[in-house]
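S.K.: Take a look at this one; I'll ask things after.
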Amino acid sequence: MKKIIFALILGFTTLVSAQNSLSGTVTDSQNQPLPGVSVYASELHKGTTTDQNGKYEFSNLPNGVLRLSFTYVGYASVNKTIPKLLKENTLDITLEESILEMDEVIVSTPFNKLQSQNVMKVEHESIKTLQQKGTSTLIEGLATIPGVSQISTGTSIGKPVIRGLSGNRVLVYSQGVRIENQQFGDEHGLGLNDAGIESVEVIKGPASLLYGSDALGGVLYFNPEKFADANTFKANFSQKYFTNTQGSNSSIGLKTSTDNWKFLARGAFNTHSDYKIADGDRVTNSRYNETDFKTGVGYSNATFSSVLRYNYNKLDIGIPEDGIGEQSSSKNTLFPRQGIFNHLLSLNNVIFFENSKLDVDLGYIANDRSEFEDSNDAALRMKLKTFNYNAKYHFPKLGTIETIVGVQGMHQTNENLGEEYLIPNATTNDFGVFGTANYEWNSNVLQAGLRFDNRSITSEANGIEGEEGYFSPLDKSFESFNASLGYKTNFTEDLTLRLNVATGFRAPNLAELTSNGVHEGTNRYEIGNADLKTEQNVQTDLNLEYKNSHFEFFVNGFYNHINNYIYTAPTGEVLDANDVFAYTQDNAKLYGGEVGLHFHPHPLDWLHFETSFETVTGKKDNNDYLPLIPANNWNNTLRTEFNIKNWFKEGYASLNVSSTFDQKNVSGFETASKGYTLVNLGFGGTVKLGKTAFDLSLNGNNLFDENYIAHLSRLKTDGIPNIGRNIVLGVNFNL
């Protein structure tokens, strides 16, 4: 399969290049030209900006279909499709003013529609917006999105939870490649840095049709930083300081582009001391250090577009086992600690034909994870190497019907190099084939798809039978058929209904199949089950939203039934002074949703009020509650926008009140959690001093120093509270 894909790429790039061009003018509703409008062709990774007369121009464009997005702050985004390019083309655009959020192009779904045109409701957030909330890590920012929360270990480790599902049930994509970093462990974090990431898209529900196994609960899809506009050079430097952890976050990047070639590079370094709780004590060894480097090079012409990206991430993370112990502001981690090296290499190719295209993503990930107990000799060391591929062919459009067929696969090896084993040496192979179609008529859209997957897992024997750390050899194969059906309609111009029904699946992971030993992160002896079956779910999603120029309201509801849900249950035995938990299965159900509104009263254009409520309930067939279900949350934000003469532009100030309720619906070995309310303040904007301009942000999180313990905190069992008051100051210079 790899040879076929490479042959396709090399073969089609020899096609004769067309010399198509496109130009036009962007104006407002008063027919006045709009300078500074971003015009972007995502498939070509190519962008430009309108000049003072509102004019733009592209050259070296492919034959066939071209999709363009026009975005400008304060105006509604426009997504235009040119069905067939000629040698010379003209496209004039009129943008309408819109105070509410821009309508974004969604990349994580197959047809790359604007969200308003999309059958699935996908949450889209720019990283800049998340950073303005003053969170110290990427996962903390994600947890502010309705329906998303996190399982945390202090401030350093966070795992995403989507509507009550986490771990291997949530798939993470970056640079168009699925992230594989031993995500089965609660103490194994996301492993991504927000530097060099443009935005995130959240699919809340089964996405196995698009992504295969492990997308049973949803997908986090991170869009990388865009290249510079053609024939420009850009550089920027940003710095943040965090008072609570005496932490620092530094990032510097540069990028440049010609008409055909593109290049960017960005480096970042984060360092944090132990975090303080509300009474001023620090949680010993919750400190961490992170180094991140991203680079990319791209080339596009009238025949194809190709982008090669690389991401190196190094993490040095303290494991806070002693709670409130030795007090220190040192940033050097103590034992026990984790050392993680992650390499991500991705190659995206789009090959254009007359009326169709082939999109091929190739990825390689090398994850090296070590745990150091009391010396710099790793007691546990796991090396995971993953090659994956994703090829999609977009058929020529037939009337209003768009069709895609594709193949996906993965080859993965896990190798242990330390004395301790959490999982055995193993090889995993995935293969999937799918097809999906999108049909539009009037204001209606119908989308359907079908997919088949196979996963095979083989592992080696290790250790002495009957003792801790023994793994018997494994040779298992899992198969699944999945389907999805979605419908979207506009009852009126402002009122939209979306209804989706989809199935998903997840093959058992190695830990669930083979565990035999003490899981230090949970302080229990875990025993795997080689007879586990594939998890299979059916989820129904309903989205109703109303949106006009000054008011936005949405309701999301879901019901998720999972056959063969995998979980651990106590056996009543004790081994090595630890309670024994064994992996087992039962049918389960999760249900709930999110509701929210955004009000922008006229004529008070500078005032915004946003509120949202989210809830999820998870139960087994016997009505016992599932573990690790987030508590209900009510989030309220009052935000103003302003300018101060000519020296302070795009200013904002916000007051956020986030109320998390009691969580009493807990599983047999969990304890209930008390509710809490956090108050956060934000202020920022662009400061202009002569020819010098920089972005400034100031955030106060947990302003009243609330002492609280989140239900999904892994330090909860030791009674260790979450982070106290944290003031975050940030600056960003465009050089």
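Letters for chains follow the order of the structure tokens (A, B, ...), residue numbers begin at 1 for each chain, and ligand numbers begin at 1 in the order shown.
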Using only C-alpha atoms, which residues sit within 12 Å of Thr245 of chain A once same-chain residues fewer than 3 positions away are excluded, as JSON, numbers by chain?

M.R.: {"A": [136, 154, 155, 156, 240, 241, 242, 248, 249, 270, 271, 272, 273, 274, 275, 276, 277, 280, 281, 282, 283, 284, 285, 286, 287, 288, 289, 328, 329, 330, 331, 723, 724, 725, 726, 727, 728]}

S.K.: Which residues come within 8 Å of Ala582 of chain A, counting only C-alpha atoms, excluding same-chain residues fewer than 6 positions away, as an NGL selection string?

M.R.: :A and (526-529 or 568-571)

S.K.: Please save all heavy atoms of the selected residues as a PDB file, in the first residue's frame.

M.R.:
```pdb
ATOM      1  N   GLU A 526      -3.809  -4.339  38.419  1.00  0.00           N
ATOM      2  CA  GLU A 526      -4.745  -4.466  37.307  1.00  0.00           C
ATOM      3  C   GLU A 526      -4.475  -5.748  36.525  1.00  0.00           C
ATOM      4  O   GLU A 526      -3.318  -6.093  36.249  1.00  0.00           O
ATOM      5  CB  GLU A 526      -4.659  -3.254  36.376  1.00  0.00           C
ATOM      6  CG  GLU A 526      -5.128  -1.964  37.047  1.00  0.00           C
ATOM      7  CD  GLU A 526      -5.187  -0.791  36.093  1.00  0.00           C
ATOM      8  OE1 GLU A 526      -4.779  -0.952  34.920  1.00  0.00           O
ATOM      9  OE2 GLU A 526      -5.643   0.290  36.507  1.00  0.00           O
ATOM     10  N   ILE A 527      -5.551  -6.441  36.180  1.00  0.00           N
ATOM     11  CA  ILE A 527      -5.463  -7.691  35.421  1.00  0.00           C
ATOM     12  C   ILE A 527      -6.269  -7.533  34.129  1.00  0.00           C
ATOM     13  O   ILE A 527      -7.459  -7.207  34.158  1.00  0.00           O
ATOM     14  CB  ILE A 527      -6.002  -8.880  36.243  1.00  0.00           C
ATOM     15  CG1 ILE A 527      -5.148  -9.077  37.500  1.00  0.00           C
ATOM     16  CG2 ILE A 527      -6.020 -10.142  35.403  1.00  0.00           C
ATOM     17  CD1 ILE A 527      -5.650 -10.182  38.404  1.00  0.00           C
ATOM     18  N   GLY A 528      -5.597  -7.766  33.011  1.00  0.00           N
ATOM     19  CA  GLY A 528      -6.237  -7.638  31.713  1.00  0.00           C
ATOM     20  C   GLY A 528      -7.114  -8.826  31.378  1.00  0.00           C
ATOM     21  O   GLY A 528      -7.182  -9.825  32.104  1.00  0.00           O
ATOM     22  N   ASN A 529      -7.792  -8.716  30.252  1.00  0.00           N
ATOM     23  CA  ASN A 529      -8.728  -9.756  29.818  1.00  0.00           C
ATOM     24  C   ASN A 529      -8.560  -9.947  28.314  1.00  0.00           C
ATOM     25  O   ASN A 529      -8.995  -9.107  27.517  1.00  0.00           O
ATOM     26  CB  ASN A 529     -10.161  -9.337  30.159  1.00  0.00           C
ATOM     27  CG  ASN A 529     -11.185 -10.386  29.795  1.00  0.00           C
ATOM     28  OD1 ASN A 529     -10.882 -11.381  29.138  1.00  0.00           O
ATOM     29  ND2 ASN A 529     -12.421 -10.167  30.214  1.00  0.00           N
ATOM     30  N   THR A 568     -12.793  -1.196  34.533  1.00  0.00           N
ATOM     31  CA  THR A 568     -12.202  -2.034  35.573  1.00  0.00           C
ATOM     32  C   THR A 568     -13.154  -2.124  36.762  1.00  0.00           C
ATOM     33  O   THR A 568     -13.844  -1.160  37.098  1.00  0.00           O
ATOM     34  CB  THR A 568     -10.850  -1.471  36.054  1.00  0.00           C
ATOM     35  OG1 THR A 568     -11.032  -0.112  36.487  1.00  0.00           O
ATOM     36  CG2 THR A 568      -9.817  -1.529  34.948  1.00  0.00           C
ATOM     37  N   ALA A 569     -13.168  -3.292  37.383  1.00  0.00           N
ATOM     38  CA  ALA A 569     -14.020  -3.512  38.550  1.00  0.00           C
ATOM     39  C   ALA A 569     -13.225  -4.272  39.605  1.00  0.00           C
ATOM     40  O   ALA A 569     -12.406  -5.142  39.279  1.00  0.00           O
ATOM     41  CB  ALA A 569     -15.268  -4.302  38.160  1.00  0.00           C
ATOM     42  N   PRO A 570     -13.423  -3.957  40.898  1.00  0.00           N
ATOM     43  CA  PRO A 570     -12.690  -4.654  41.958  1.00  0.00           C
ATOM     44  C   PRO A 570     -13.102  -6.120  42.058  1.00  0.00           C
ATOM     45  O   PRO A 570     -14.286  -6.464  41.914  1.00  0.00           O
ATOM     46  CB  PRO A 570     -13.067  -3.879  43.224  1.00  0.00           C
ATOM     47  CG  PRO A 570     -14.369  -3.212  42.895  1.00  0.00           C
ATOM     48  CD  PRO A 570     -14.331  -2.923  41.429  1.00  0.00           C
ATOM     49  N   THR A 571     -12.129  -7.002  42.300  1.00  0.00           N
ATOM     50  CA  THR A 571     -12.407  -8.443  42.435  1.00  0.00           C
ATOM     51  C   THR A 571     -12.557  -8.863  43.886  1.00  0.00           C
ATOM     52  O   THR A 571     -12.978  -9.988  44.163  1.00  0.00           O
ATOM     53  CB  THR A 571     -11.279  -9.260  41.797  1.00  0.00           C
ATOM     54  OG1 THR A 571     -10.070  -9.060  42.540  1.00  0.00           O
ATOM     55  CG2 THR A 571     -11.070  -8.861  40.338  1.00  0.00           C
TER      56      THR A 571
END
```

S.K.: Figure out the distance between atom CA of Tyr72 of chain A and atom CA of Ser21 of chain A, please, to one decimal in Å.

M.R.: 22.7 Å

S.K.: List every residue of segment 371-439 of chain A that DSSP, applied to the backbone of this structure, places in strand (DSSP E or B), and write the result as a PyMOL selection string.

M.R.: chain A and resi 371-372+380-394+398+401-416+420+426-439

S.K.: Write the residues you've just listed into a file as a PDB file, in the first residue's frame, and include C-alpha atoms for each of them.

M.R.:
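Once everything was written out, this is part.pdb:
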```
ATOM      1  CA  GLU A 371       9.648   6.881  33.931  1.00  0.00           C
ATOM      2  CA  PHE A 372      12.442   7.502  36.434  1.00  0.00           C
ATOM      3  CA  LEU A 380      10.084   1.997  32.580  1.00  0.00           C
ATOM      4  CA  ARG A 381      10.784   2.903  28.959  1.00  0.00           C
ATOM      5  CA  MET A 382       8.386   2.415  26.065  1.00  0.00           C
ATOM      6  CA  LYS A 383       9.132   3.263  22.438  1.00  0.00           C
ATOM      7  CA  LEU A 384       6.126   3.503  20.154  1.00  0.00           C
ATOM      8  CA  LYS A 385       6.630   3.901  16.403  1.00  0.00           C
ATOM      9  CA  THR A 386       3.631   4.535  14.174  1.00  0.00           C
ATOM     10  CA  PHE A 387       3.270   4.931  10.420  1.00  0.00           C
ATOM     11  CA  ASN A 388      -0.165   5.870   9.139  1.00  0.00           C
ATOM     12  CA  TYR A 389      -1.715   6.795   5.828  1.00  0.00           C
ATOM     13  CA  ASN A 390      -4.987   8.318   4.700  1.00  0.00           C
ATOM     14  CA  ALA A 391      -5.905   8.583   1.003  1.00  0.00           C
ATOM     15  CA  LYS A 392      -9.203  10.140  -0.168  1.00  0.00           C
ATOM     16  CA  TYR A 393     -10.426  10.497  -3.743  1.00  0.00           C
ATOM     17  CA  HIS A 394     -12.993  13.247  -4.391  1.00  0.00           C
ATOM     18  CA  LEU A 398     -22.603  15.073 -10.035  1.00  0.00           C
ATOM     19  CA  ILE A 401     -23.973  15.342  -5.092  1.00  0.00           C
ATOM     20  CA  GLU A 402     -20.392  15.177  -3.800  1.00  0.00           C
ATOM     21  CA  THR A 403     -18.764  11.780  -3.196  1.00  0.00           C
ATOM     22  CA  ILE A 404     -15.548  10.666  -1.494  1.00  0.00           C
ATOM     23  CA  VAL A 405     -13.995   7.199  -1.185  1.00  0.00           C
ATOM     24  CA  GLY A 406     -10.887   6.489   0.833  1.00  0.00           C
ATOM     25  CA  VAL A 407      -8.533   4.057   2.511  1.00  0.00           C
ATOM     26  CA  GLN A 408      -6.774   4.479   5.861  1.00  0.00           C
ATOM     27  CA  GLY A 409      -4.271   2.380   7.715  1.00  0.00           C
ATOM     28  CA  MET A 410      -1.673   2.204  10.450  1.00  0.00           C
ATOM     29  CA  HIS A 411       1.374   0.079  11.262  1.00  0.00           C
ATOM     30  CA  GLN A 412       2.555   0.364  14.861  1.00  0.00           C
ATOM     31  CA  THR A 413       5.237  -1.269  16.985  1.00  0.00           C
ATOM     32  CA  ASN A 414       5.659  -1.007  20.746  1.00  0.00           C
ATOM     33  CA  GLU A 415       9.015  -1.892  22.332  1.00  0.00           C
ATOM     34  CA  ASN A 416      10.008  -2.000  26.013  1.00  0.00           C
ATOM     35  CA  GLU A 420       9.327  -2.702  34.181  1.00  0.00           C
ATOM     36  CA  ALA A 426       3.501  -5.699  20.291  1.00  0.00           C
ATOM     37  CA  THR A 427       2.621  -4.913  16.685  1.00  0.00           C
ATOM     38  CA  THR A 428      -0.680  -3.387  15.589  1.00  0.00           C
ATOM     39  CA  ASN A 429      -1.989  -3.105  12.029  1.00  0.00           C
ATOM     40  CA  ASP A 430      -5.108  -1.198  10.976  1.00  0.00           C
ATOM     41  CA  PHE A 431      -6.841  -1.089   7.616  1.00  0.00           C
ATOM     42  CA  GLY A 432     -10.075   0.664   6.734  1.00  0.00           C
ATOM     43  CA  VAL A 433     -12.023   1.559   3.604  1.00  0.00           C
ATOM     44  CA  PHE A 434     -14.923   4.004   3.461  1.00  0.00           C
ATOM     45  CA  GLY A 435     -17.227   6.016   1.221  1.00  0.00           C
ATOM     46  CA  THR A 436     -19.400   9.049   1.928  1.00  0.00           C
ATOM     47  CA  ALA A 437     -21.696  11.297  -0.101  1.00  0.00           C
ATOM     48  CA  ASN A 438     -23.190  14.767   0.408  1.00  0.00           C
ATOM     49  CA  TYR A 439     -26.443  15.799  -1.312  1.00  0.00           C
TER      50      TYR A 439
END
```

S.K.: So that I can see what lies close to Ile319 of chain A, please list as a VMD selection string the residues with an atom at most 9 Å from it, counting only C-alpha atoms and leaving out residues fewer than 2 positions away in the same chain.

M.R.: chain A and resid 153 187 284 to 287 317 321 to 322 333 to 338

S.K.: Could you name the residues that touch segment 47-56 of chain A at 12 Å or less, counting only C-alpha atoms, but leaving out those on the same chain fewer than 5 positions away, as a ChimeraX atom specification?

M.R.: /A:21-28,31-42,67-72,89-95,226-232,256-262,300

S.K.: Let me make sure I understand: among A:Pro83, A:Gly399, A:Gly247, A:Gly418, which one has the smallest atom-to-atom distance to Val65 of chain A if we use only C-alpha atoms?

M.R.: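 The closest residue to Val65 of chain A is A:Pro83.
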
S.K.: Calculated over only C-alpha atoms, which of the candidates A:Ile203, A:Leu497, A:Ile629, A:Leu417 has the smallest distance to Ser166 of chain A?

M.R.: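 Of A:Ile203, A:Leu497, A:Ile629, A:Leu417, the one nearest Ser166 of chain A, counting only C-alpha atoms, is A:Ile629.
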
S.K.: DSSP on the backbone: which residues in segment 321-546 of chain A end up as helix (DSSP H, G or I)? Give the answer as a ChimeraX atom specification.

M.R.: /A:510-514

S.K.: Could you dump the residues just selected with C-alpha atoms as a PDB file, in the first residue's frame?

M.R.:
```pdb
ATOM      1  CA  LEU A 510      -3.020  -3.592  24.932  1.00  0.00           C
ATOM      2  CA  ALA A 511      -3.405  -2.534  28.558  1.00  0.00           C
ATOM      3  CA  GLU A 512      -6.986  -3.805  28.653  1.00  0.00           C
ATOM      4  CA  LEU A 513      -6.057  -7.088  26.983  1.00  0.00           C
ATOM      5  CA  THR A 514      -2.802  -7.903  28.794  1.00  0.00           C
TER       6      THR A 514
END
```
